[in-house]
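Have a look at the structure below before the remarks.
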Amino acid sequence: MAVTALGSTEVVRPSVRKRKLEDERWLAFVLLLPTAILLGLFIAYPFFEGVLLSLSSARVGAPGEFVWFKNFEKLWHDNIFWTAVWNTFWYTGVTTVFKLGLGLWLALLLNRHFRGKAIVRAFILLPFIIPTVLSTFAWKWMFDPTFSVINWSLFKLGLISARINWLGDADLAMASIMVVNIWRGIPFFAISLLAGLQTISPELNEAAAIDGARPWNRFWYVTWPLLLPVTMVVMLFSVIQTFADFQLVYVMTGGGPANATHLFATYAYQIGIVSGLLSEGAAVSLAMFPFLFIIVVAQLLYIRRVEVR
Amino acid sequence: MANTKRRSVIKLAGSAAAVASTGMAGILASGRTPAFAQQKTVHWLRWVDFVPASDQLMRKELMPQAEKELGIKINYETVNGNDLQPRATAAIQSGSGPDLIQAFNNNTYIYANSVVDLTDLAEEVGKREGGLYKYCRSMCSDGKMFMAMPWAVIGGMIAYRKSWFDEVGATSFPKTWVEYREVAKKLKAKGRPIGQTLGHTFGDAPTFTYPYLWSWGGKEVDADGKTVVINSKETVESVKFMQGFWKDGCDEGGLAWDDTNNNRAFLSQTISATLNGASIYIETLRKPDQYQTEKGTPMNKDILHSPLPAGPAGQFGMHLNQSDMLMKYSKNQDAAKEFLKWIHAEKNFEKWFISQKGFATPPTAKWETHKVWDEDPVMAPYKVAAKLGQTPGFAGLPNQKAAEALSKYIITDMYAKAVQGMPAEDAVKWAEGELKKIYAA
Amino acid sequence: MIEGALWRRWILNYLPLILFVIVLLFPFYWMIITTFRPDGELYRPWNAANNMPFWTNKPTLEHIIYLFEETNFARWMFNTMFIAGVSTLISLFCGVLAGYALARLNFPWAGSLGTLIFITYLVPQTLLFIPLAEIIRDFRLGDTPWSLILTYPTFLIPFCTWLMMGYFKAIPKELEECARIDGASRWKAMLYIIIPVAVPGILSSGIIAFTLSWNEFIYALVFLSSPDQKTVAVGVTSELIRGDVFFWGALMAGALLGSIPVAIVYSFFVEHYVSGLTGSVKG
């Protein structure tokens, strides 16, 4: 009713400006304007500057000259860079699989009725809320070679007889970092997927159950296809975040031991900021872009396909 | 029709722009106040001092006094030592930020293009105070200009547990690496290994690995500062020895340590010795009840300091050098310089020096005879830290290339790779490749 | 039979759920214990005989007192809230409008514009922060909350826009058409019909956006310098990690106090949040 009333005032007093807004193109233009201004100013321009930087020989305080792709050529022959590339893929891949699997499981568990549901749902978000730097310090301490509470627990449970050198061993250090990332990511996946689960009408499942479908089949043929769109969007954002992760490695290992845990972002920081080779650091950062771009385009295309279906 | 459409859009865009611009103006206005006030303000960025009393002294006493005597305002800001570099980089690139920024080691060379020459001040202080140490001089000056004013050196010495060393028969601290390894072996057998980081951390890792390398006769580059000579018999020897030393005598957790881990490990009595600033000892002095030995006596009575042992090529040390850079973009260079002069005046600097209790060694010879060093014999080895230091990039200069190699942890990683199982020759070859890339460019 | 069902329910539902809760919340328990643990106990190696990692007999408030008396913690909390709040509002404003335009209006290049906005989300922060520092200087925003309030939307807007596109797409076209037939203008239909329907979606993107800005570290570290302008993440790390010592107790207290208030706020929103995301998949 209110709509009708509002609409009729509109008909009575049409103004030129408002009539223009009736045109979808102008309306779209107006609506997109604030976004365009902010992103243009704070992303497009700095991005352009960043690209220029990566093509120069700039160091801190010295603009350098235009050197085309020399920095990228140097990266091509840089074995630490390739370690970082490999690490980033490995890190993103493994953590995404775990975050998705465990997050989905948790979402399914939370999608049932039980006492204290609201509280559990709220508190489970905690790892996602706490500033990453600070939670990572807590984890760093839990993995500390001298004070590790994890070692203590495993020892008391009789699972180990000597301490595990969590952050001192190249592979274990990577694994430790992945654990922290997964811990941080599960709540986001779980809550988002829970939201997806709740849209699925229970009748569908009941109907399938009446048709004699077993629980696993019900999940696989009824729930999962319906959940797929939301899953893809959540994964998309998670992959981007994980791929460009910085804080976690910066705090836990600083890329050590012996560069075993460098990711794109930490290596870019190491070169660009700590060594002062701005242009090379920008090149490392920028090198992340095509990789990320391919992953994301693949995911976007997949999402389109899923949505069409 | 199309015409009116376009015009109205222009109007719309115009009004949107107007809104945006007034919004921006409002923001500008709010940002403007500090910018104007800054003209009389000197902004000094330093690390958060390990000795809290020193920051207290700066904030509560020295800064107000300077403000009064110099008629300026001082913004004394402290950040975690690791975060100085991103701040400096962003400030230099954007041409605005603190007027004075603290630099570690030879980072001064990284920022050489963006700082004001402080030769006058450095030479004046040096002349007045019995001469600048060569170590501090070469960290801050390339011979043409002083890129920063030497502030102090945080000495790195081995802190060790006297009674534990006595128990394994080492009544005096081992003189050579070979002896040290023997002692370490016995100590580790008793569950009291040596603690040493080989991780990516700016303090304790390079201050161990560089002098260690030199003491075996290994060098990054030749005296010409160009030819990479790391791949030598001596270096390989040192790496091989390190592999054994690590296995026989060190806490293997050290690969993951940052600058803080060895402090905690020492204080919790899981290691018998570690290379560090005096911070461990100072902490035990501050809280004698909390840190006790296994026999229940205060731990501070059981700690002694010693320089690193000697190798076939001699005995070396490298210490965390701190200096203050006066930034070129600063609009208050005169005021900042005045302030630096003021804080380096003996009577002012002395207050700070005393508050450090020997944690920091001043850059000039005069302070060697200061009474601070007599108060506590345990601190005495730190007295000459700055005097005996060797700069990274040896036998070349500690220039920008050397700073780059240092910042990439190449020497540290060479040893870390080796103790993780890479053959010594390969680890050295890897370091050679990395160094060549830096020195060739 | 019923007994069997209960037993099954425990194994399949409750037990895993309890495990999840324990693992996810253990670090917080660890922070709480550390916050109240006296320093003396913090220096016990993992294999010490008297090590009691999960309990302390001598709880102390000294770390919390230190946090509030010796640091600007309360001020940092306020700054973080303010910055995260305002940048979230700005991002939501932009994101809702842009999301609406991209999802529900027909205009040339709508698809490519959407992709373009999304791509901005991919630009790594490590690349941007140096050039951004120059812009911050040009606008004289350095060391003011506005330096973050205006830069955080760069990663929040793409995110909000895309989430909102999802929600708007899910709202049936008919709803709008009905209003238009009744004579409402496009503008009014958007403002009074579609956006209210999308409120849960707005809330949930708001929550995520708030969390992302709450978390941010690099920009906050680089663009702010005065101690009383800093955010929690930067303030706590720069004041409580000094030289070569961590102030573990106070550090953990800061981490904990820096997240609990948000958690409480979220607990009110979480049901909305869940139903909000629900909207994005409908239809």
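Chain labels A, B, ... are given in the sequence in which chains occur in the structure tokens; within each chain residues are numbered consecutively from 1, and ligands are likewise numbered from 1 in the order shown.
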
- Query: Quick one: which residues from chain B are at most 6 Å off chain C, using only C-alpha atoms, as a list of chain:residue names?
  - Reply: B:Gly31, B:Val48, B:Asp49, B:Phe50, B:Val79, B:Asn80, B:Arg87, B:Ala90, B:Ser94, B:Asp259, B:Thr260, B:Ser268, B:Gln290

- Trp164 (chain B) environment, 9 Å, only C-alpha atoms, sequence neighbours closer than 6 positions dropped, as a PyMOL selection string: chain B and resi 170+187+192+272+302

Residues just named, written with N, CA and C atoms as a PDB file, in the first residue's frame:
```
ATOM      1  N   ALA B 170      84.514 -26.612  32.491  1.00  0.00           N
ATOM      2  CA  ALA B 170      84.968 -25.403  31.799  1.00  0.00           C
ATOM      3  C   ALA B 170      84.961 -24.239  32.775  1.00  0.00           C
ATOM      4  N   LEU B 187      77.546 -30.303  27.703  1.00  0.00           N
ATOM      5  CA  LEU B 187      76.369 -29.613  28.236  1.00  0.00           C
ATOM      6  C   LEU B 187      75.087 -30.188  27.654  1.00  0.00           C
ATOM      7  N   ARG B 192      71.425 -29.478  28.629  1.00  0.00           N
ATOM      8  CA  ARG B 192      71.593 -28.021  28.717  1.00  0.00           C
ATOM      9  C   ARG B 192      72.354 -27.512  27.493  1.00  0.00           C
ATOM     10  N   SER B 272      72.141 -23.319  28.145  1.00  0.00           N
ATOM     11  CA  SER B 272      73.207 -22.928  29.064  1.00  0.00           C
ATOM     12  C   SER B 272      73.926 -21.667  28.610  1.00  0.00           C
ATOM     13  N   ASP B 302      74.613 -16.060  38.583  1.00  0.00           N
ATOM     14  CA  ASP B 302      75.196 -17.200  37.874  1.00  0.00           C
ATOM     15  C   ASP B 302      75.382 -16.908  36.388  1.00  0.00           C
TER      16      ASP B 302
END
```

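Going from CA of Thr235 (chain B) over to CA of Gly218 (chain B), you cover 4.7 Å.
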
Quick one: which chain B residues come within 7 Å of chain A, and what is the nearest atom pair for each with the distance in Å to one decimal, counting only C-alpha atoms, rows ordered by chain and ascending number, as JSON lines?
```
{"residue": "B:Lys5", "atom": "CA", "partner": "A:Lys20", "partner_atom": "CA", "distance": 6.8}
{"residue": "B:Ser8", "atom": "CA", "partner": "A:Arg17", "partner_atom": "CA", "distance": 6.7}
{"residue": "B:Gln85", "atom": "CA", "partner": "A:Val274", "partner_atom": "CA", "distance": 6.1}
{"residue": "B:Pro86", "atom": "CA", "partner": "A:Ile273", "partner_atom": "CA", "distance": 5.8}
{"residue": "B:Thr89", "atom": "CA", "partner": "A:Val60", "partner_atom": "CA", "distance": 6.3}
{"residue": "B:Ile92", "atom": "CA", "partner": "A:Gly61", "partner_atom": "CA", "distance": 5.9}
{"residue": "B:Gln93", "atom": "CA", "partner": "A:Gly61", "partner_atom": "CA", "distance": 6.2}
{"residue": "B:Ile110", "atom": "CA", "partner": "A:Gly276", "partner_atom": "CA", "distance": 6.2}
{"residue": "B:Tyr111", "atom": "CA", "partner": "A:Val60", "partner_atom": "CA", "distance": 6.4}
{"residue": "B:Asn113", "atom": "CA", "partner": "A:Gly61", "partner_atom": "CA", "distance": 5.5}
{"residue": "B:Ser114", "atom": "CA", "partner": "A:Gly61", "partner_atom": "CA", "distance": 5.3}
{"residue": "B:Gly199", "atom": "CA", "partner": "A:Pro257", "partner_atom": "CA", "distance": 5.3}
{"residue": "B:His200", "atom": "CA", "partner": "A:Gly256", "partner_atom": "CA", "distance": 5.3}
{"residue": "B:Gly253", "atom": "CA", "partner": "A:Pro145", "partner_atom": "CA", "distance": 5.2}
{"residue": "B:Gly254", "atom": "CA", "partner": "A:Gly168", "partner_atom": "CA", "distance": 6.9}
{"residue": "B:Leu255", "atom": "CA", "partner": "A:Gly168", "partner_atom": "CA", "distance": 4.6}
{"residue": "B:Ala256", "atom": "CA", "partner": "A:Gly168", "partner_atom": "CA", "distance": 4.2}
{"residue": "B:Ala265", "atom": "CA", "partner": "A:Thr146", "partner_atom": "CA", "distance": 6.3}
{"residue": "B:Glu404", "atom": "CA", "partner": "A:Ser275", "partner_atom": "CA", "distance": 5.1}
{"residue": "B:Ser407", "atom": "CA", "partner": "A:Ser275", "partner_atom": "CA", "distance": 5.5}
{"residue": "B:Lys408", "atom": "CA", "partner": "A:Ser275", "partner_atom": "CA", "distance": 6.9}
{"residue": "B:Asp413", "atom": "CA", "partner": "A:Ala258", "partner_atom": "CA", "distance": 4.6}
{"residue": "B:Ala416", "atom": "CA", "partner": "A:Ala258", "partner_atom": "CA", "distance": 5.9}
{"residue": "B:Lys417", "atom": "CA", "partner": "A:Ala258", "partner_atom": "CA", "distance": 6.1}
```

Write out as CSV the residues of chain A that have any atom within 6 Å of an atom of chain C, one row each with the nearest atom pair and its distance in Å to one decimal, counting only C-alpha atoms, sorted by chain and then rising number.
```
residue,atom,partner,partner_atom,distance
A:Thr4,CA,C:Asp182,CA,5.3
A:Gly7,CA,C:Ala184,CA,3.6
A:Ser8,CA,C:Gly183,CA,5.8
A:Glu22,CA,C:Arg186,CA,5.7
A:Glu24,CA,C:Leu105,CA,5.8
A:Arg25,CA,C:Phe107,CA,5.2
A:Ala28,CA,C:Ala101,CA,4.9
A:Leu31,CA,C:Leu97,CA,5.0
A:Leu32,CA,C:Ala98,CA,4.8
A:Pro34,CA,C:Cys94,CA,5.9
A:Thr35,CA,C:Cys94,CA,5.2
A:Leu39,CA,C:Thr154,CA,5.8
A:Pro46,CA,C:Pro131,CA,5.0
A:Gly50,CA,C:Leu127,CA,5.9
A:Ala122,CA,C:Ser267,CA,4.7
A:Ile129,CA,C:Thr211,CA,5.8
A:Ile130,CA,C:Ser259,CA,4.8
A:Pro131,CA,C:Asn215,CA,4.4
A:Leu134,CA,C:Ala255,CA,5.4
A:Thr146,CA,C:Pro45,CA,5.5
A:Phe147,CA,C:Trp46,CA,4.4
A:Ser148,CA,C:Trp46,CA,5.7
A:Trp152,CA,C:Trp46,CA,5.6
A:Ala195,CA,C:Val274,CA,4.6
A:Gly196,CA,C:Thr278,CA,5.2
A:Thr199,CA,C:Thr278,CA,5.5
A:Ala282,CA,C:Leu127,CA,5.5
A:Ser285,CA,C:Leu127,CA,5.5
```

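The smallest atom-to-atom distance between Ala283 (chain A) and any of A:Leu75, A:Ala209, A:Val67, A:Val234, using only C-alpha atoms, is found for A:Leu75.
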
- Message: Set the distance at 12 Å and use only C-alpha atoms: which residues neighbour region 60-63 of chain B once local chain neighbours fewer than 6 positions away are removed? I'd like the list as a ChimeraX atom specification.
- Response: /B:41-44,53-54,69-77,339-340,342-345,347-352,355

I need the residues from that last selection saved to file as a CSV table (one decimal), in the first residue's frame (with C-alpha atoms), if you can.
```csv
chain,number,residue,atom,x,y,z
B,41,THR,CA,57.6,19.9,15.6
B,42,VAL,CA,60.4,17.4,15.4
B,43,HIS,CA,59.1,13.9,15.0
B,44,TRP,CA,61.6,11.2,16.1
B,53,ALA,CA,63.3,2.8,31.9
B,54,SER,CA,65.1,4.5,29.0
B,69,GLU,CA,65.4,24.6,26.0
B,70,LEU,CA,65.0,24.5,22.2
B,71,GLY,CA,61.6,26.0,22.0
B,72,ILE,CA,60.3,23.3,19.7
B,73,LYS,CA,57.8,20.4,20.1
B,74,ILE,CA,59.0,16.9,20.0
B,75,ASN,CA,57.0,13.9,18.9
B,76,TYR,CA,58.7,10.9,20.3
B,77,GLU,CA,57.4,7.8,18.7
B,339,PHE,CA,67.7,18.7,18.5
B,340,LEU,CA,70.2,16.0,17.6
B,342,TRP,CA,71.2,18.8,22.0
B,343,ILE,CA,70.5,15.1,22.7
B,344,HIS,CA,74.2,14.2,21.8
B,345,ALA,CA,75.5,16.9,24.2
B,347,LYS,CA,75.2,15.9,29.8
B,348,ASN,CA,72.0,14.8,28.1
B,349,PHE,CA,73.3,11.7,26.4
B,350,GLU,CA,74.8,10.6,29.7
B,351,LYS,CA,71.4,10.5,31.3
B,352,TRP,CA,70.2,8.1,28.6
B,355,SER,CA,69.5,4.5,32.1
```

- Quick one: distance from CA of Lys186 (chain B) to CA of Arg161 (chain B) in Å, one decimal?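 About the pair CA of Lys186 (chain B) and CA of Arg161 (chain B): they are 13.9 Å apart.
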
- Determine, counting only C-alpha atoms, which protein, DNA and RNA residues have an atom within 10 Å of an atom of Thr176 (chain B); residues of the same chain fewer than 3 positions away are not included. Present the result as a PyMOL selection string. chain B and resi 173+179-181+215+308-312+314-315

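On the backbone of this structure, DSSP gives strand (DSSP E or B) within region 35-155 of chain B to Thr41, Val42, His43, Trp44, Leu45, Arg46, Trp47, Lys73, Ile74, Asn75, Tyr76, Glu77, Thr78, Val79, Leu100, Ile101, Gln102, Ala103, Phe104, Val115, Leu132, Ser141, Phe146, Met149, Pro150, Trp151, Ala152, Val153 and Ile154 of chain B.
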
- So which residues touch Ser172 (chain B) within 10 Å, counting only C-alpha atoms, skipping near sequence neighbours fewer than 5 positions away, as an NGL selection string? :B and (162 or 165-166 or 306)

Just the selected residues (N, CA and C atoms), exported as a PDB file, in the first residue's frame, please.
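Result file follows (out01.pdb):
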```pdb
ATOM      1  N   LYS B 162      77.462 -19.768  34.593  1.00  0.00           N
ATOM      2  CA  LYS B 162      78.761 -20.068  35.185  1.00  0.00           C
ATOM      3  C   LYS B 162      78.795 -21.468  35.803  1.00  0.00           C
ATOM      4  N   PHE B 165      78.728 -24.386  33.339  1.00  0.00           N
ATOM      5  CA  PHE B 165      79.994 -24.552  32.632  1.00  0.00           C
ATOM      6  C   PHE B 165      81.037 -25.175  33.565  1.00  0.00           C
ATOM      7  N   ASP B 166      81.027 -24.725  34.824  1.00  0.00           N
ATOM      8  CA  ASP B 166      81.952 -25.305  35.815  1.00  0.00           C
ATOM      9  C   ASP B 166      81.734 -26.807  35.942  1.00  0.00           C
ATOM     10  N   SER B 306      80.683 -13.305  27.657  1.00  0.00           N
ATOM     11  CA  SER B 306      81.961 -13.495  26.967  1.00  0.00           C
ATOM     12  C   SER B 306      81.781 -13.201  25.488  1.00  0.00           C
TER      13      SER B 306
END
```
